[in-house]
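*Asks:* Structure supplied as entry_35.txt; contents: compact mmCIF, C-alpha atoms.
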```txt
# COMPACT_ATOMS: atom_id res chain seq x y z
CA MET F 1 0.00 0.00 0.00
CA VAL F 2 2.74 2.40 1.01
CA SER F 3 4.91 1.48 -1.97
CA THR F 4 1.91 1.92 -4.26
CA MET F 5 1.26 5.33 -2.81
CA ARG F 6 4.91 6.26 -3.22
CA CYS F 7 4.91 5.04 -6.79
CA ALA F 8 1.80 7.07 -7.51
CA PHE F 9 3.43 10.02 -5.84
CA CYS F 10 6.54 9.67 -8.00
CA VAL F 11 4.49 9.49 -11.19
CA CYS F 12 2.40 12.44 -10.09
CA GLY F 13 5.53 14.39 -9.22
CA LEU F 14 7.14 13.55 -12.53
CA VAL F 15 4.08 14.74 -14.43
CA MET F 16 4.10 17.93 -12.47
CA LEU F 17 7.79 18.40 -13.09
CA VAL F 18 7.31 17.98 -16.80
CA ALA F 19 4.31 20.26 -16.71
CA THR F 20 6.15 22.89 -14.78
CA ALA F 21 5.73 26.24 -16.45
CA ALA F 22 7.19 29.46 -15.34
CA VAL F 23 6.17 32.87 -14.34
CA ASP F 24 9.42 34.55 -13.61
CA VAL F 25 8.95 38.25 -13.56
CA ALA F 26 12.64 38.56 -13.95
CA ALA F 27 13.97 41.97 -13.80
CA GLN F 28 16.61 41.92 -16.36
CA ASN F 29 18.97 44.61 -17.45
CA ALA F 30 17.70 47.45 -19.52
CA ALA F 31 19.72 46.37 -22.50
CA SER F 32 17.68 43.22 -22.97
CA THR F 33 13.91 43.42 -23.22
CA GLU F 34 13.26 40.19 -25.12
CA ARG F 35 11.16 37.59 -23.42
CA SER F 36 12.96 34.36 -22.80
CA TRP F 37 12.72 30.99 -21.13
CA SER F 38 15.29 29.45 -18.91
CA PHE F 39 15.48 25.97 -17.49
CA GLY F 40 17.66 24.53 -14.79
CA GLY F 41 18.12 21.86 -12.24
CA GLY F 42 20.40 20.78 -9.47
CA MET F 43 20.68 19.37 -6.03
CA SER F 44 19.90 20.96 -2.72
CA TRP F 45 20.01 20.08 0.93
CA LEU F 46 16.51 20.44 2.31
CA GLU F 47 15.92 20.76 6.02
CA LEU F 48 12.31 20.14 6.94
CA ASN F 49 12.32 22.17 10.15
CA GLY F 50 9.30 20.29 11.36
CA GLU F 51 8.34 19.24 14.82
CA ARG F 52 5.20 17.59 16.05
CA ARG F 53 3.93 17.28 19.56
CA LEU F 54 0.79 15.34 20.29
CA VAL F 55 -0.73 14.75 23.69
CA ARG F 56 -3.19 11.91 24.04
CA GLY F 57 -5.23 12.50 27.11
CA ASP F 58 -3.06 12.35 30.18
CA ARG F 59 -1.32 9.16 29.21
CA LYS F 60 1.06 9.68 26.37
CA VAL F 61 3.00 12.41 24.63
CA VAL F 62 4.44 11.98 21.16
CA THR F 63 7.08 14.33 19.83
CA THR F 64 8.63 14.00 16.40
CA ASN F 65 11.56 15.71 14.78
CA ALA F 66 12.21 15.67 11.06
CA THR F 67 15.65 15.35 9.59
CA GLY F 68 16.78 16.78 6.28
CA GLY F 69 17.84 15.17 3.07
CA LEU F 70 19.23 15.72 -0.40
CA ALA F 71 16.57 16.95 -2.78
CA PRO F 72 16.91 17.22 -6.56
CA PHE F 73 15.10 20.16 -8.07
CA LEU F 74 13.96 21.38 -11.45
CA GLU F 75 13.18 24.96 -12.29
CA ALA F 76 11.75 26.82 -15.24
CA SER F 77 11.33 30.54 -15.58
CA PHE F 78 10.04 33.03 -18.07
CA LYS F 79 11.32 36.56 -18.33
CA LEU F 80 8.16 38.59 -18.53
CA ASN F 81 9.51 42.10 -18.52
CA ASP F 82 12.65 44.06 -17.97
CA ARG F 83 12.04 45.33 -14.46
CA MET X 84 8.17 27.84 -11.01
CA GLY X 85 10.05 24.95 -9.62
CA ALA X 86 9.71 21.53 -8.16
CA THR X 87 11.70 19.52 -5.68
CA ARG X 88 11.35 16.24 -3.85
CA VAL X 89 13.05 14.90 -0.76
CA GLU X 90 12.90 11.72 1.23
CA SER X 91 13.47 12.27 4.87
CA ARG X 92 13.03 10.57 8.19
CA TYR X 93 11.07 11.38 11.25
CA THR X 94 12.13 10.28 14.67
CA HIS X 95 9.23 9.67 17.00
CA ASN X 96 9.71 9.74 20.69
CA GLU X 97 6.74 8.42 22.61
CA THR X 98 6.58 8.96 26.32
CA VAL X 99 3.95 7.33 28.49
CA THR X 100 2.82 8.68 31.82
CA ASN X 101 4.99 6.35 33.86
CA GLY X 102 8.15 7.56 32.17
CA LEU X 103 8.58 4.83 29.58
CA SER X 104 10.00 6.25 26.39
CA VAL X 105 10.06 4.52 23.02
CA GLU X 106 11.69 5.82 19.88
CA THR X 107 10.66 4.83 16.38
CA ILE X 108 11.79 6.02 12.96
CA ASP X 109 9.55 6.67 10.02
CA ASP X 110 10.24 7.66 6.42
CA LEU X 111 8.67 10.78 5.02
CA THR X 112 8.60 12.02 1.45
CA LEU X 113 8.00 15.66 0.67
CA GLY X 114 7.38 17.00 -2.81
CA MET X 115 7.17 20.72 -3.28
CA MET X 116 5.75 22.51 -6.31
CA SER X 117 6.24 26.24 -6.20
CA GLY X 118 5.55 29.30 -8.29
CA GLY X 119 6.25 32.95 -7.79
CA VAL X 120 8.00 36.07 -8.94
CA LYS X 121 11.68 36.80 -9.07
CA ARG X 122 13.61 40.05 -9.19
CA THR X 123 17.10 40.02 -10.68
CA TRP X 124 19.92 42.52 -10.54
CA GLY X 125 23.06 42.37 -12.65
CA ALA X 126 24.68 43.36 -15.90
CA PRO X 127 24.56 41.09 -18.95
CA GLY X 128 27.25 38.44 -18.83
CA ALA X 129 28.05 39.16 -15.21
CA LEU X 130 27.09 37.72 -11.85
CA LYS X 131 23.41 38.31 -11.10
CA LEU X 132 21.70 38.47 -7.75
CA ASN X 133 18.05 37.52 -7.40
CA VAL X 134 15.36 37.36 -4.75
CA ASP X 135 12.02 35.64 -5.06
CA ALA X 136 8.68 35.32 -3.34
CA HIS X 137 6.79 32.10 -3.84
CA VAL X 138 3.83 29.98 -2.87
CA ALA X 139 4.26 26.22 -2.68
CA PHE X 140 2.10 23.13 -2.72
CA LEU X 141 3.52 20.69 -0.19
CA LEU X 142 2.87 17.03 -0.97
CA TYR X 143 3.58 14.77 1.95
CA ASN X 144 3.62 11.04 1.58
CA ASP X 145 3.64 9.38 4.93
CA ARG X 146 1.59 7.38 7.34
CA LEU X 147 3.06 7.47 10.75
CA GLU X 148 2.82 4.09 12.41
CA LEU X 149 3.15 5.18 15.97
CA LEU X 150 3.35 2.80 18.84
CA SER X 151 -0.03 1.70 20.13
CA GLU X 152 -0.71 0.65 23.65
CA GLN X 153 -1.15 -2.85 22.33
CA GLN X 154 2.59 -2.97 21.82
CA LEU X 155 3.49 -1.67 25.23
CA PRO X 156 5.15 -3.88 27.83
CA ALA X 157 3.05 -5.96 30.19
CA GLU X 158 3.52 -3.59 33.12
CA LEU X 159 1.43 -1.07 31.23
CA SER X 160 -1.38 -3.50 30.52
CA THR X 161 -3.78 -1.40 32.53
CA ILE X 162 -3.88 1.03 29.64
CA ASP X 163 -6.71 0.30 27.22
CA PRO X 164 -5.44 -0.54 23.75
CA THR X 165 -6.03 2.25 21.27
CA PRO X 166 -4.70 2.63 17.73
CA PHE X 167 -2.46 5.59 17.31
CA ASN X 168 -1.61 6.07 13.66
CA LEU X 169 -1.47 9.33 11.79
CA SER X 170 -2.33 10.03 8.18
CA VAL X 171 -0.38 13.00 6.87
CA LEU X 172 -2.15 15.39 4.49
CA ASN X 173 -0.97 17.84 1.84
CA SER X 174 -0.94 21.58 2.40
CA PHE X 175 0.22 24.94 1.10
CA GLY X 176 3.04 27.23 2.15
CA GLY X 177 4.81 30.39 1.12
CA GLY X 178 8.19 31.96 1.48
CA LEU X 179 11.20 33.82 0.18
CA GLY X 180 14.42 32.93 -1.57
CA ILE X 181 17.72 34.47 -2.53
CA GLY X 182 20.25 33.35 -5.11
CA VAL X 183 22.98 34.15 -7.58
CA GLU X 184 23.51 33.23 -11.21
CA ALA X 185 26.86 33.23 -12.97
CA PRO X 186 27.20 32.77 -16.74
CA LEU X 187 29.23 29.81 -17.98
CA GLY X 188 30.64 30.91 -21.31
CA HIS X 189 28.61 32.82 -23.86
CA GLY X 190 26.08 30.18 -24.87
CA GLY X 191 23.32 30.80 -22.37
CA LEU X 192 24.53 28.28 -19.83
CA PHE X 193 24.66 29.52 -16.26
CA PHE X 194 25.51 28.32 -12.78
CA SER X 195 23.08 28.99 -9.97
CA ALA X 196 23.19 28.85 -6.19
CA GLY X 197 20.62 29.87 -3.68
CA ALA X 198 18.65 29.35 -0.52
CA ARG X 199 14.90 29.25 -0.06
CA LEU X 200 12.75 29.18 3.04
CA THR X 201 9.11 28.07 2.86
CA LEU X 202 6.75 28.45 5.78
CA GLY X 203 4.09 25.78 5.96
CA PHE X 204 2.24 23.25 8.04
CA MET X 205 1.91 19.51 8.04
CA PRO X 206 -1.68 18.53 8.83
CA ALA X 207 -2.37 15.03 10.07
CA ASP X 208 -5.34 13.04 11.23
CA ILE X 209 -5.37 10.28 13.77
CA ILE X 210 -6.75 7.19 12.10
CA ASN X 211 -9.86 5.76 13.72
CA ASP X 212 -9.73 8.27 16.51
CA PRO X 213 -12.87 8.09 18.67
CA GLU X 214 -12.17 11.64 19.81
CA ASP X 215 -11.79 12.97 16.27
CA PRO X 216 -12.87 16.60 15.98
CA GLU X 217 -15.62 17.28 13.48
CA ASP X 218 -13.74 20.19 11.96
CA GLY X 219 -10.06 20.65 11.40
CA HIS X 220 -7.21 18.25 11.83
CA ASP X 221 -5.97 16.46 14.89
CA VAL X 222 -2.44 17.74 14.39
CA ASN X 223 -1.26 20.77 12.44
CA SER X 224 2.46 20.89 12.89
CA PRO X 225 4.68 23.74 11.73
CA THR X 226 6.99 22.60 8.93
CA HIS X 227 9.30 25.15 7.38
CA PRO X 228 11.43 23.57 4.64
CA LEU X 229 14.76 25.32 4.11
CA SER X 230 16.73 24.37 1.01
CA VAL X 231 20.23 25.35 0.03
CA GLY X 232 21.18 24.24 -3.45
CA LEU X 233 23.49 24.38 -6.44
CA GLY X 234 22.50 23.89 -10.06
CA VAL X 235 22.99 24.72 -13.69
CA GLY X 236 20.58 26.20 -16.17
CA TYR X 237 20.21 27.26 -19.74
CA ARG X 238 18.61 30.42 -21.02
CA LEU X 239 16.85 30.41 -24.38
CA GLY X 240 17.05 33.76 -26.11
CA GLY X 241 16.91 37.07 -24.28
```
Could you spell out this file's structure in structure tokens?

*Replies:*
Amino acid sequence: MVSTMRCAFCVCGLVMLVATAAVDVAAQNAASTERSWSFGGGMSWLELNGERRLVRGDRKVVTTNATGGLAPFLEASFKLNDR
Amino acid sequence: MGATRVESRYTHNETVTNGLSVETIDDLTLGMMSGGVKRTWGAPGALKLNVDAHVAFLLYNDRLELLSEQQLPAELSTIDPTPFNLSVLNSFGGGLGIGVEAPLGHGGLFFSAGARLTLGFMPADIINDPEDPEDGHDVNSPTHPLSVGLGVGYRLGG
């Protein structure tokens, strides 16, 4: 079940990655006013900065702390104007 | 717009009233689809600085299998067994980023580096919770993904 969900998630993510379009209101230099696309990708370290604390009645307390991980990323942008 | 995906781990520390503490580890996958606006400063062919503001769709994939009382040691048998699993839900966030771009040659290729902070929440529901609230989620934990990354890109035209 979990692996199926993860597989579905991967496929969904891949579709979204491919479908990624850009709205980059990039302020470019005054010498260049042509609209343009740019595409990129790379690797980042992503820290989740998440913590969960859950109290169940007066019996049990659950605290969770997320750790980070390496995260590939894709990016697309579109220069919309020159400001 | 951009997209990123990370597999991470959560460490759960469960403490029962009598002081017993149990630690479990769970895998968590976060996908983040974001879109926003970016402002860039810099001369053509030179190093460029940029800042961005973005909104992000946070896709969590996790089901936290927390310890239930059924698994507790015999000395805690006076506690009624109750399931204690969480189903994590997707949510939205928003944030800011800063970065630099440096051209690699004259063909449109560039190197990029940057950092981005997204403020968001991770909602979760307790599965089969008899005390489940009618509205809202059982848990709404702050989750603020911070990414620091390096990459390459290619600019078409412009």

*Asks:* Counting only C-alpha atoms, which residue out of X:Val222, X:Met205, X:Val183, X:Ala198 sits closest to Leu142 of chain X?

*Replies:*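 That would be X:Met205, the residue with the smallest distance to Leu142 of chain X.
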
*Asks:* Please define a box with edges along x, y and z of the file around all atoms of segment 64-78 of chain F given in the file, extend it by 8 Å on each side, and return its centre and edge lengths in Å to one decimal, as lines of an AutoDock Vina configuration file.

*Replies:*
```
center_x = 13.9
center_y = 23.5
center_z = -0.8
size_x = 26.6
size_y = 35.0
size_z = 50.5
```

*Asks:* Nearest to Leu229 of chain X among X:Leu192, X:Ala207, X:Leu179, X:Phe140, with distances taken over all atoms listed in the file: which residue is it?

*Replies:* X:Leu179

*Asks:* Do you have the atom CA of Val231 of chain X-atom CA of Thr112 of chain X distance handy?

*Replies:*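 If I compute the distance from atom CA of Val231 of chain X to atom CA of Thr112 of chain X, I get 17.7 Å.
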
*Asks:* Using only C-alpha atoms, pick whichever of X:Ala136, X:Ala86, X:Leu169, X:Leu202 has the shortest atom-to-atom distance to chain F.

*Replies:*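 Closest to chain F, using only C-alpha atoms: X:Ala86.
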
*Asks:* Any idea what the distance is between atom CA of Thr226 of chain X and atom CA of Ile210 of chain X?

*Replies:*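 Taking atom CA of Thr226 of chain X as the start and atom CA of Ile210 of chain X as the end point, the length is 20.9 Å.
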
*Asks:* Hey, can you pull every residue with an atom no more than 12 Å from (26.5, 27.6, -17.1), using all atoms listed in the file, and send it as a ChimeraX atom specification?

*Replies:* /F:38-42 /X:128-130,184-196,233-238

*Asks:* Limited to C-alpha atoms, could you put the picked residues into a file as a short mmCIF file (atom, residue, chain, number, x, y, z; two decimals), in the coordinates of the input?

*Replies:*
```
data_model
loop_
_atom_site.label_atom_id
_atom_site.label_comp_id
_atom_site.auth_asym_id
_atom_site.auth_seq_id
_atom_site.Cartn_x
_atom_site.Cartn_y
_atom_site.Cartn_z
CA SER F 38 15.29 29.45 -18.91
CA PHE F 39 15.48 25.97 -17.49
CA GLY F 40 17.66 24.53 -14.79
CA GLY F 41 18.12 21.86 -12.24
CA GLY F 42 20.40 20.78 -9.47
CA GLY X 128 27.25 38.44 -18.83
CA ALA X 129 28.05 39.16 -15.21
CA LEU X 130 27.09 37.72 -11.85
CA GLU X 184 23.51 33.23 -11.21
CA ALA X 185 26.86 33.23 -12.97
CA PRO X 186 27.20 32.77 -16.74
CA LEU X 187 29.23 29.81 -17.98
CA GLY X 188 30.64 30.91 -21.31
CA HIS X 189 28.61 32.82 -23.86
CA GLY X 190 26.08 30.18 -24.87
CA GLY X 191 23.32 30.80 -22.37
CA LEU X 192 24.53 28.28 -19.83
CA PHE X 193 24.66 29.52 -16.26
CA PHE X 194 25.51 28.32 -12.78
CA SER X 195 23.08 28.99 -9.97
CA ALA X 196 23.19 28.85 -6.19
CA LEU X 233 23.49 24.38 -6.44
CA GLY X 234 22.50 23.89 -10.06
CA VAL X 235 22.99 24.72 -13.69
CA GLY X 236 20.58 26.20 -16.17
CA TYR X 237 20.21 27.26 -19.74
CA ARG X 238 18.61 30.42 -21.02
#
```

*Asks:* Quick one: pull the distance between atom CA of Asn49 of chain F and atom CA of Glu75 of chain F, Å, one decimal.

*Replies:*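 Atom CA of Asn49 of chain F sits 22.6 Å away from atom CA of Glu75 of chain F.
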